[in-house]
$ cat upload_26.csv   # CSV, C-alpha atoms and all ligand atoms
chain,number,residue,atom,x,y,z
A,1,MET,CA,0.0,0.0,0.0
A,2,PRO,CA,1.6,3.3,-1.1
A,3,LEU,CA,1.5,6.2,1.3
A,4,GLY,CA,-0.3,8.4,-1.1
A,5,VAL,CA,-3.8,7.2,-2.0
A,6,ASN,CA,-5.9,8.8,-4.5
A,7,ILE,CA,-9.4,9.3,-3.4
A,8,MET,CA,-11.7,11.0,-5.9
A,9,LYS,CA,-14.0,13.8,-5.0
A,10,THR,CA,-17.1,11.7,-5.5
A,11,SER,CA,-19.6,14.4,-6.5
A,12,LEU,CA,-17.1,16.2,-8.8
A,13,PHE,CA,-16.3,12.9,-10.5
A,14,LEU,CA,-20.0,12.2,-11.1
A,15,VAL,CA,-20.7,15.7,-12.4
A,16,ILE,CA,-18.0,15.7,-15.0
A,17,VAL,CA,-18.9,12.2,-16.2
A,18,LEU,CA,-22.6,13.0,-16.5
A,19,LEU,CA,-21.9,16.4,-18.0
A,20,SER,CA,-19.5,15.1,-20.7
A,21,GLY,CA,-22.1,12.4,-21.5
A,22,ALA,CA,-24.9,14.9,-21.8
A,23,ILE,CA,-22.9,17.2,-24.1
A,24,ALA,CA,-21.7,14.4,-26.3
A,25,GLY,CA,-25.3,13.1,-26.4
A,26,ALA,CA,-26.7,16.5,-27.5
A,27,VAL,CA,-24.1,16.6,-30.2
A,28,HIS,CA,-25.0,13.1,-31.3
A,29,GLY,CA,-28.7,14.1,-31.5
A,30,GLY,CA,-27.9,17.2,-33.5
A,31,VAL,CA,-25.7,15.3,-35.9
A,32,ASN,CA,-28.6,12.8,-36.4
A,33,LEU,CA,-31.1,15.5,-37.0
A,34,ALA,CA,-28.9,16.8,-39.8
A,35,ILE,CA,-27.8,13.6,-41.5
A,36,VAL,CA,-30.0,10.7,-40.3
A,37,GLU,CA,-33.4,12.3,-40.4
A,38,PRO,CA,-33.6,12.6,-44.2
A,39,TYR,CA,-33.2,8.8,-44.4
A,40,LEU,CA,-35.8,8.2,-41.7
A,41,ASP,CA,-38.3,10.4,-43.6
A,42,THR,CA,-37.7,8.5,-46.8
A,43,ALA,CA,-38.1,5.1,-45.0
A,44,ILE,CA,-41.3,6.2,-43.2
A,45,GLY,CA,-42.6,7.6,-46.5
A,46,ILE,CA,-42.2,4.1,-48.0
A,47,GLU,CA,-43.9,2.6,-44.9
A,48,ASN,CA,-46.9,4.9,-45.3
A,49,GLN,CA,-47.3,3.9,-49.0
A,50,ASN,CA,-47.2,0.3,-48.0
A,51,LEU,CA,-49.9,0.9,-45.4
A,52,PHE,CA,-52.1,2.6,-48.0
A,53,ALA,CA,-51.5,-0.2,-50.5
A,54,SER,CA,-52.4,-2.9,-48.0
A,55,GLY,CA,-55.5,-0.9,-46.9
A,56,GLU,CA,-54.4,-0.7,-43.3
A,57,GLU,CA,-54.5,3.1,-43.4
A,58,GLU,CA,-56.3,5.5,-45.7
A,59,ASP,CA,-54.5,8.4,-47.5
A,60,THR,CA,-56.8,11.0,-45.8
A,61,PRO,CA,-56.0,14.5,-44.4
A,62,GLU,CA,-56.7,13.1,-41.0
A,63,PHE,CA,-53.9,10.5,-41.5
A,64,TRP,CA,-51.4,13.2,-42.4
A,65,ILE,CA,-52.4,15.4,-39.5
A,66,GLU,CA,-51.8,12.6,-37.1
A,67,TYR,CA,-48.6,11.6,-38.9
A,68,ASP,CA,-47.1,15.1,-38.8
A,69,GLY,CA,-48.0,15.3,-35.1
A,70,TYR,CA,-46.0,12.2,-34.1
A,71,ARG,CA,-43.2,12.8,-36.6
A,72,THR,CA,-42.6,16.2,-35.0
A,73,TRP,CA,-42.6,14.6,-31.6
A,74,GLN,CA,-40.2,11.9,-32.8
A,75,LYS,CA,-37.8,14.5,-34.4
A,76,GLY,CA,-37.9,16.7,-31.3
A,77,GLY,CA,-37.1,13.6,-29.3
A,78,GLN,CA,-33.9,13.0,-31.2
A,79,VAL,CA,-31.9,15.5,-29.2
A,80,LEU,CA,-33.6,14.7,-25.9
A,81,ALA,CA,-33.1,11.0,-26.4
A,82,GLY,CA,-29.5,11.8,-27.5
A,83,VAL,CA,-28.9,13.4,-24.1
A,84,ILE,CA,-30.4,10.5,-22.2
A,85,LEU,CA,-28.4,7.9,-24.2
A,86,GLY,CA,-25.3,10.1,-23.9
A,87,ILE,CA,-25.6,10.3,-20.1
A,88,SER,CA,-26.1,6.5,-20.1
A,89,ILE,CA,-23.2,5.5,-22.3
A,90,GLY,CA,-21.2,8.4,-20.8
A,91,ALA,CA,-21.7,6.8,-17.3
A,92,LEU,CA,-20.3,3.5,-18.6
A,93,PHE,CA,-17.4,5.4,-20.2
A,94,GLY,CA,-16.7,7.2,-16.9
A,95,ILE,CA,-16.6,4.0,-15.0
A,96,VAL,CA,-14.1,2.3,-17.4
A,97,PHE,CA,-12.1,5.5,-17.7
A,98,ALA,CA,-11.8,6.0,-13.9
A,99,LEU,CA,-10.7,2.4,-13.4
A,100,SER,CA,-8.3,2.2,-16.3
A,101,ARG,CA,-6.9,5.8,-16.5
A,102,GLN,CA,-3.6,5.0,-14.8
A,103,SER,CA,-2.8,2.2,-17.2
A,104,LEU,CA,-3.9,4.0,-20.4
A,105,PRO,CA,-1.2,5.4,-22.6
A,106,GLY,CA,-1.1,9.2,-23.3
A,107,SER,CA,0.5,12.2,-21.7
A,108,ASN,CA,-2.8,13.9,-20.7
A,109,ASN,CA,-6.3,12.8,-19.9
A,110,VAL,CA,-7.7,13.9,-23.3
A,111,LYS,CA,-5.3,11.5,-25.1
A,112,LYS,CA,-6.1,8.8,-22.6
A,113,ALA,CA,-9.8,9.3,-23.0
A,114,LEU,CA,-9.6,9.3,-26.8
A,115,ILE,CA,-7.7,6.0,-26.7
A,116,LEU,CA,-10.2,4.4,-24.4
A,117,ALA,CA,-13.1,5.8,-26.5
A,118,GLY,CA,-11.5,4.3,-29.6
A,119,ILE,CA,-11.3,0.8,-28.0
A,120,MET,CA,-14.9,1.0,-26.7
A,121,TRP,CA,-16.2,2.3,-30.0
A,122,LEU,CA,-14.6,-0.6,-31.7
A,123,THR,CA,-15.5,-3.4,-29.3
A,124,ILE,CA,-19.0,-2.4,-28.0
A,125,TYR,CA,-20.2,-0.4,-31.0
A,126,PHE,CA,-18.6,-1.0,-34.4
A,127,ILE,CA,-17.9,-4.7,-34.3
A,128,PRO,CA,-21.5,-5.4,-33.0
A,129,PHE,CA,-22.7,-3.0,-35.7
A,130,LEU,CA,-20.9,-5.1,-38.4
A,131,LYS,CA,-22.8,-8.2,-37.2
A,132,TYR,CA,-26.2,-6.5,-36.5
A,133,PRO,CA,-26.1,-3.2,-38.5
A,134,ALA,CA,-28.6,-0.4,-37.9
A,135,ASN,CA,-31.7,-0.5,-40.0
A,136,PRO,CA,-34.1,2.2,-41.0
A,137,PRO,CA,-37.9,2.0,-40.2
A,138,THR,CA,-39.9,-0.5,-42.3
A,139,VAL,CA,-37.0,-3.1,-42.4
A,140,GLY,CA,-37.7,-4.6,-39.0
A,141,ASP,CA,-40.4,-7.2,-38.4
A,142,THR,CA,-42.3,-6.3,-35.2
A,143,GLU,CA,-42.5,-10.0,-34.3
A,144,THR,CA,-38.7,-10.4,-34.1
A,145,VAL,CA,-38.0,-7.2,-32.1
A,146,VAL,CA,-37.4,-8.9,-28.8
A,147,LEU,CA,-35.2,-11.6,-30.4
A,148,ARG,CA,-33.2,-8.9,-32.3
A,149,GLY,CA,-32.8,-7.0,-29.0
A,150,ILE,CA,-31.5,-10.0,-27.2
A,151,LEU,CA,-29.1,-10.9,-30.0
A,152,TYR,CA,-27.7,-7.3,-30.3
A,153,LEU,CA,-27.3,-6.9,-26.5
A,154,SER,CA,-25.7,-10.3,-26.1
A,155,PHE,CA,-23.2,-9.6,-28.8
A,156,ILE,CA,-22.3,-6.3,-27.3
A,157,ALA,CA,-21.9,-7.8,-23.8
A,158,ILE,CA,-19.8,-10.8,-25.1
A,159,SER,CA,-17.6,-8.4,-27.1
A,160,GLY,CA,-17.1,-6.0,-24.2
A,161,PHE,CA,-16.5,-8.6,-21.5
A,162,GLY,CA,-14.3,-10.5,-24.0
A,163,ALA,CA,-12.1,-7.4,-24.6
A,164,MET,CA,-11.9,-6.9,-20.8
A,165,GLY,CA,-11.0,-10.6,-20.2
A,166,PHE,CA,-8.2,-10.6,-22.8
A,167,TYR,CA,-6.9,-7.3,-21.3
A,168,LYS,CA,-6.8,-8.9,-17.8
A,169,LEU,CA,-5.2,-12.1,-19.3
A,170,SER,CA,-2.6,-10.1,-21.1
A,171,LYS,CA,-1.3,-8.8,-17.8
A,172,LYS,CA,0.0,-12.3,-17.1
A,173,PHE,CA,2.3,-12.1,-20.1
A,174,GLU,CA,4.6,-9.2,-19.3
A,175,ARG,CA,6.2,-9.1,-22.7
A,176,LYS,CA,4.1,-8.8,-25.8
A,177,ALA,CA,1.1,-8.2,-23.5
A,178,LYS,CA,-0.6,-5.9,-26.1
A,179,LEU,CA,-0.1,-8.4,-28.9
A,180,VAL,CA,-1.4,-11.3,-26.9
A,181,SER,CA,-4.6,-9.4,-25.9
A,182,ILE,CA,-5.3,-8.1,-29.4
A,183,ILE,CA,-4.8,-11.5,-31.2
A,184,GLY,CA,-6.7,-13.3,-28.4
A,185,TYR,CA,-9.6,-10.9,-28.7
A,186,ALA,CA,-9.6,-10.9,-32.5
A,187,ALA,CA,-9.7,-14.7,-32.6
A,188,PHE,CA,-12.4,-14.8,-29.9
A,189,ILE,CA,-14.7,-12.2,-31.5
A,190,THR,CA,-14.3,-13.7,-35.0
A,191,ALA,CA,-15.6,-17.1,-33.6
A,192,VAL,CA,-18.5,-15.4,-31.8
A,193,PHE,CA,-19.2,-13.3,-35.0
A,194,LEU,CA,-19.5,-16.5,-37.0
A,195,ALA,CA,-21.4,-18.5,-34.4
A,196,MET,CA,-24.2,-16.0,-33.6
A,197,PRO,CA,-27.3,-16.2,-35.7
A,198,GLU,CA,-28.0,-13.6,-38.4
A,199,ASN,CA,-30.6,-10.8,-38.1
A,200,PRO,CA,-33.8,-12.8,-39.1
A,201,ASP,CA,-35.4,-9.9,-41.0
A,202,GLU,CA,-35.3,-9.5,-44.7
A,203,ILE,CA,-34.3,-6.1,-46.1
A,204,SER,CA,-37.2,-5.0,-48.2
A,205,VAL,CA,-36.1,-1.5,-49.2
A,206,SER,CA,-33.4,-0.3,-51.7
A,207,THR,CA,-29.8,-0.9,-50.9
A,208,ASN,CA,-29.1,2.8,-51.4
A,209,LEU,CA,-31.4,3.8,-48.7
A,210,VAL,CA,-30.1,1.2,-46.2
A,211,GLU,CA,-26.5,1.9,-46.9
A,212,GLY,CA,-26.9,5.7,-46.7
A,213,PHE,CA,-28.8,5.3,-43.5
A,214,ARG,CA,-26.1,3.1,-42.0
A,215,THR,CA,-23.3,5.4,-43.0
A,216,ALA,CA,-25.1,8.4,-41.4
A,217,SER,CA,-25.8,6.3,-38.3
A,218,VAL,CA,-22.2,5.3,-37.9
A,219,LEU,CA,-21.1,9.0,-38.3
A,220,GLY,CA,-23.6,10.0,-35.6
A,221,VAL,CA,-22.5,7.4,-33.1
A,222,SER,CA,-18.8,8.1,-33.8
A,223,SER,CA,-19.3,11.8,-33.2
A,224,PHE,CA,-20.6,10.9,-29.7
A,225,TRP,CA,-17.5,8.8,-28.8
A,226,ILE,CA,-15.1,11.6,-30.0
A,227,VAL,CA,-17.0,14.3,-28.1
A,228,VAL,CA,-17.4,12.3,-24.9
A,229,ALA,CA,-13.7,11.5,-24.8
A,230,ILE,CA,-12.6,15.1,-25.4
A,231,MET,CA,-15.1,16.5,-22.9
A,232,LEU,CA,-14.2,14.0,-20.2
A,233,GLY,CA,-10.5,14.4,-20.8
A,234,LEU,CA,-10.6,18.2,-20.7
A,235,LEU,CA,-12.8,18.4,-17.6
A,236,TRP,CA,-10.6,15.8,-15.9
A,237,ASP,CA,-7.4,17.7,-16.7
A,238,LYS,CA,-9.0,21.0,-15.5
A,239,LEU,CA,-10.9,19.9,-12.4
A,240,LYS,CA,-8.8,16.9,-11.3
A,241,PRO,CA,-11.4,14.8,-9.5
A,242,GLU,CA,-8.8,12.6,-8.0
A,243,GLN,CA,-7.3,14.1,-4.9
A,244,GLU,CA,-3.9,13.4,-3.4
A,245,ILE,CA,-4.2,12.4,0.2
A,246,THR,CA,-0.9,11.5,1.9
A,247,SER,CA,-1.4,9.5,5.1
A,248,SER,CA,1.9,10.6,6.5
A,249,ARG,CA,0.7,14.1,6.7
B,1,MET,CA,-6.9,3.5,2.9
B,2,SER,CA,-7.5,6.5,5.0
B,3,GLU,CA,-9.3,5.7,8.2
B,4,SER,CA,-10.7,9.1,8.8
B,5,ARG,CA,-12.7,9.1,5.6
B,6,GLN,CA,-15.6,6.7,5.6
B,7,ILE,CA,-15.7,6.3,1.9
B,8,SER,CA,-15.5,2.8,0.4
B,9,VAL,CA,-12.8,2.9,-2.3
B,10,SER,CA,-11.8,0.4,-4.9
B,11,LYS,CA,-8.2,-0.5,-5.6
B,12,LYS,CA,-7.9,2.3,-8.1
B,13,GLY,CA,-9.0,5.0,-5.8
B,14,VAL,CA,-12.5,5.3,-7.3
B,15,PRO,CA,-15.3,5.5,-4.8
B,16,THR,CA,-17.5,2.4,-5.0
B,17,ILE,CA,-20.7,4.4,-4.5
B,18,ALA,CA,-19.8,6.4,-7.6
B,19,ILE,CA,-19.3,3.3,-9.7
B,20,LEU,CA,-22.7,1.9,-8.5
B,21,ALA,CA,-24.5,5.1,-9.2
B,22,LEU,CA,-23.0,5.3,-12.7
B,23,GLY,CA,-23.9,1.7,-13.3
B,24,VAL,CA,-27.5,2.3,-12.4
B,25,ILE,CA,-27.6,5.4,-14.7
B,26,PHE,CA,-26.1,3.4,-17.5
B,27,ALA,CA,-28.7,0.6,-17.3
B,28,ALA,CA,-31.7,2.9,-16.8
B,29,GLY,CA,-30.7,5.2,-19.7
B,30,LEU,CA,-30.0,2.3,-22.0
B,31,PHE,CA,-33.3,0.7,-21.3
B,32,VAL,CA,-35.3,3.9,-21.8
B,33,VAL,CA,-33.7,4.7,-25.2
B,34,GLY,CA,-33.0,1.3,-26.5
B,35,PHE,CA,-35.7,-1.0,-25.3
B,36,ASP,CA,-38.7,0.6,-23.5
B,37,GLN,CA,-42.0,-0.2,-25.1
B,38,GLY,CA,-44.1,1.7,-22.6
B,39,HIS,CA,-42.9,0.0,-19.4
B,40,ILE,CA,-41.8,3.1,-17.6
B,41,PHE,CA,-44.9,5.2,-18.0
B,42,SER,CA,-47.1,2.1,-17.3
B,43,LEU,CA,-45.8,2.4,-13.7
B,44,VAL,CA,-47.8,5.6,-13.5
B,45,TYR,CA,-50.5,5.4,-16.1
B,46,GLY,CA,-51.1,1.6,-16.2
B,47,GLU,CA,-51.9,-0.4,-19.3
B,48,GLN,CA,-52.8,2.7,-21.3
B,49,ALA,CA,-49.1,3.5,-21.5
B,50,PHE,CA,-48.4,0.5,-23.7
B,51,ASP,CA,-50.8,1.9,-26.3
B,52,ASP,CA,-49.6,5.4,-26.1
B,53,LEU,CA,-45.9,4.5,-26.2
B,54,PHE,CA,-44.8,8.1,-25.2
B,55,ILE,CA,-41.2,7.2,-24.5
B,56,HIS,CA,-41.0,4.9,-27.5
B,57,GLU,CA,-42.1,7.7,-29.9
B,58,LEU,CA,-39.8,10.2,-28.2
B,59,THR,CA,-36.8,8.0,-28.4
B,60,HIS,CA,-37.8,6.3,-31.6
B,61,ASP,CA,-35.6,8.1,-34.1
B,62,MET,CA,-32.5,7.9,-31.8
B,63,ARG,CA,-33.3,4.2,-31.4
B,64,HIS,CA,-33.0,3.6,-35.1
B,65,ALA,CA,-30.1,6.0,-35.6
B,66,ALA,CA,-28.0,4.5,-32.7
B,67,GLY,CA,-28.5,1.0,-34.1
B,68,PHE,CA,-31.0,-0.5,-31.6
B,69,PRO,CA,-33.5,-3.0,-33.0
B,70,CYS,CA,-36.9,-1.4,-33.8
B,71,HIS,CA,-39.5,-1.7,-36.4
C,1,ZN,ZN,-38.9,2.1,-35.4
$ encode --input "upload_26.csv" --output "structure tokens" --more "lines below"
Ligand SMILES: [Zn+2]
Amino acid sequence: MPLGVNIMKTSLFLVIVLLSGAIAGAVHGGVNLAIVEPYLDTAIGIENQNLFASGEEEDTPEFWIEYDGYRTWQKGGQVLAGVILGISIGALFGIVFALSRQSLPGSNNVKKALILAGIMWLTIYFIPFLKYPANPPTVGDTETVVLRGILYLSFIAISGFGAMGFYKLSKKFERKAKLVSIIGYAAFITAVFLAMPENPDEISVSTNLVEGFRTASVLGVSSFWIVVAIMLGLLWDKLKPEQEITSSR
Amino acid sequence: MSESRQISVSKKGVPTIAILALGVIFAAGLFVVGFDQGHIFSLVYGEQAFDDLFIHELTHDMRHAAGFPCH
């Protein structure tokens, strides 16, 4: 036990974690409003035409009044939901950052946070996205939403815990620790990737729409990870939530 | 660890209570944005909430955009 023990100022730590998550989430929502919403409008437009064609809905003024009402609500929700999601993912990021900060490379907390955000973006967002990519409205079958939710969450959890496990394991190999954990994780996640069942839904809309939507979606989520890392790193460097307490004093 | 401060602290000097609080916030936020189908408001408004899907509509676009399964 070293003489100097770092004890964080609990409330300051919580505030900077939640604040950086909220700001990054608002940015994510704003980016989505600008680049994802056009694809959502197109997809929902197709969905409406399908509803008219099948006779489930009628193309009446009343339909469009109701439609405009909830679309406005949905779009307005984009930023609010971004803030909620940002606080949530930001909280996870804060936990992992606080626990791993001392072993992360980088000369300041912004660099450390960006490195961690890159690892988390890859392992709990981008690799799961490659397996279960985002889909615009009309693609998903309502019957399979619970199954798809379970598959997606399971893959994220397996990938995240897998990455953590290989990191812990790598500490046992003093030399080449990085290489061991990267190769180990890559082999592990490839096996899981191949073993997990595919998304059961068929894609019924044009490839252009789906691919455009997915690209915009990745840009939005990536903007979140970059902003949350920069904000948390900056606030950490500025406010220093860890406090040196020397027991010999 | 410092005896004078009654704060439970993990190995890395991070207060356990802070980790717990952030863990709860993470799970609750993820559920609301990613998976809620009216469950939260049904605590207050009962079954009607499942029909209205307030939170679902509010978080709907983000749910698609962030890659959560939806419709
Ligand atoms: Zn949907």
$ closest_atom_pairs --input "upload_26.csv" --of "chain B" --to "chain A" --cutoff "8 Å" --atoms "all atoms listed in the file" --output "tab-separated table"
residue	atom	partner	partner_atom	distance
B:Met1	CA	A:Val5	CA	6.9
B:Ser2	CA	A:Ser247	CA	6.8
B:Val9	CA	A:Ile7	CA	7.3
B:Lys12	CA	A:Leu99	CA	6.0
B:Gly13	CA	A:Ile7	CA	4.9
B:Val14	CA	A:Met8	CA	5.9
B:Pro15	CA	A:Thr10	CA	6.5
B:Ala18	CA	A:Thr10	CA	6.3
B:Ile19	CA	A:Ile95	CA	6.0
B:Leu22	CA	A:Ala91	CA	5.0
B:Gly23	CA	A:Leu92	CA	6.7
B:Ile25	CA	A:Ser88	CA	5.7
B:Phe26	CA	A:Ser88	CA	4.0
B:Ala27	CA	A:Ser88	CA	7.0
B:Ala28	CA	A:Ser88	CA	7.4
B:Gly29	CA	A:Ser88	CA	4.8
B:Leu30	CA	A:Ser88	CA	6.0
B:Val33	CA	A:Leu85	CA	6.3
B:Phe35	CA	A:Gly149	CA	7.6
B:Glu57	CA	A:Gln74	CA	5.4
B:Leu58	CA	A:Gly77	CA	4.5
B:Thr59	CA	A:Ala81	CA	5.2
B:His60	CA	A:Gln74	CA	6.2
B:Asp61	CA	A:Gln78	CA	5.9
B:Met62	CA	A:Gln78	CA	5.3
B:His64	CA	A:Pro136	CA	6.2
B:Ala65	CA	A:Ser217	CA	5.1
B:Ala66	CA	A:Val221	CA	6.2
B:Gly67	CA	A:Ala134	CA	4.1
B:Phe68	CA	A:Ala134	CA	6.7
B:Pro69	CA	A:Gly149	CA	5.7
B:Cys70	CA	A:Val145	CA	6.1
B:His71	CA	A:Gly140	CA	4.3
$ residues_around --input "upload_26.csv" --residues "region 107-115 of chain A" --least-positions-apart "3" --cutoff "6 Å" --atoms "all atoms listed in the file" --output "list of chain:residue names"
A:Leu104, A:Gly118, A:Ala229, A:Ile230, A:Gly233, A:Leu234, A:Asp237
$ closest_residue --input "upload_26.csv" --among "A:Ile189, A:Leu116, A:Ala43, A:Leu19" --to "ligand ZN 1 (chain C)" --atoms "only C-alpha atoms and all ligand atoms"
A:Ala43
$ atom_distance --input "upload_26.csv" --atom1 "CA of Met196 (chain A)" --atom2 "CA of Lys131 (chain A)"
8.7 Å
$ residues_around --input "upload_26.csv" --residues "Val180 (chain A)" --least-positions-apart "2" --cutoff "12 Å" --atoms "all atoms listed in the file" --output "list in words"
Ala163, Gly165, Phe166, Tyr167, Lys168, Leu169, Ser170, Lys171, Lys172, Phe173, Glu174, Arg175, Lys176, Ala177, Lys178, Ile182, Ile183, Gly184, Tyr185, Ala186, Ala187 and Phe188 of chain A
$ write_last_selection --input "upload_26.csv" --atoms "C-alpha atoms" --output "PDB file, in the coordinates of the input"
ATOM      1  CA  ALA A 163     -12.100  -7.400 -24.600  1.00  0.00           C
ATOM      2  CA  GLY A 165     -11.000 -10.600 -20.200  1.00  0.00           C
ATOM      3  CA  PHE A 166      -8.200 -10.600 -22.800  1.00  0.00           C
ATOM      4  CA  TYR A 167      -6.900  -7.300 -21.300  1.00  0.00           C
ATOM      5  CA  LYS A 168      -6.800  -8.900 -17.800  1.00  0.00           C
ATOM      6  CA  LEU A 169      -5.200 -12.100 -19.300  1.00  0.00           C
ATOM      7  CA  SER A 170      -2.600 -10.100 -21.100  1.00  0.00           C
ATOM      8  CA  LYS A 171      -1.300  -8.800 -17.800  1.00  0.00           C
ATOM      9  CA  LYS A 172       0.000 -12.300 -17.100  1.00  0.00           C
ATOM     10  CA  PHE A 173       2.300 -12.100 -20.100  1.00  0.00           C
ATOM     11  CA  GLU A 174       4.600  -9.200 -19.300  1.00  0.00           C
ATOM     12  CA  ARG A 175       6.200  -9.100 -22.700  1.00  0.00           C
ATOM     13  CA  LYS A 176       4.100  -8.800 -25.800  1.00  0.00           C
ATOM     14  CA  ALA A 177       1.100  -8.200 -23.500  1.00  0.00           C
ATOM     15  CA  LYS A 178      -0.600  -5.900 -26.100  1.00  0.00           C
ATOM     16  CA  ILE A 182      -5.300  -8.100 -29.400  1.00  0.00           C
ATOM     17  CA  ILE A 183      -4.800 -11.500 -31.200  1.00  0.00           C
ATOM     18  CA  GLY A 184      -6.700 -13.300 -28.400  1.00  0.00           C
ATOM     19  CA  TYR A 185      -9.600 -10.900 -28.700  1.00  0.00           C
ATOM     20  CA  ALA A 186      -9.600 -10.900 -32.500  1.00  0.00           C
ATOM     21  CA  ALA A 187      -9.700 -14.700 -32.600  1.00  0.00           C
ATOM     22  CA  PHE A 188     -12.400 -14.800 -29.900  1.00  0.00           C
TER      23      PHE A 188
END
$ closest_residue --input "upload_26.csv" --among "B:Val24, B:Ile17, B:Phe31, B:Arg63" --to "ligand ZN 1 (chain C)" --atoms "all atoms listed in the file"
B:Arg63
$ atom_distance --input "upload_26.csv" --atom1 "CA of Phe126 (chain A)" --atom2 "CA of Phe97 (chain A)"
19.1 Å
$ atom_distance --input "upload_26.csv" --atom1 "CA of Gly212 (chain A)" --atom2 "CA of Gly30 (chain A)"
17.5 Å
$ closest_residue --input "upload_26.csv" --among "A:Ile44, A:Thr207, A:Trp225, A:Asp59" --to "ligand ZN 1 (chain C)" --atoms "all atoms listed in the file"
A:Ile44
$ closest_residue --input "upload_26.csv" --among "A:Glu47, A:Ser223, A:Gly55, A:Glu62" --to "ligand ZN 1 (chain C)" --atoms "only C-alpha atoms and all ligand atoms"
A:Glu47
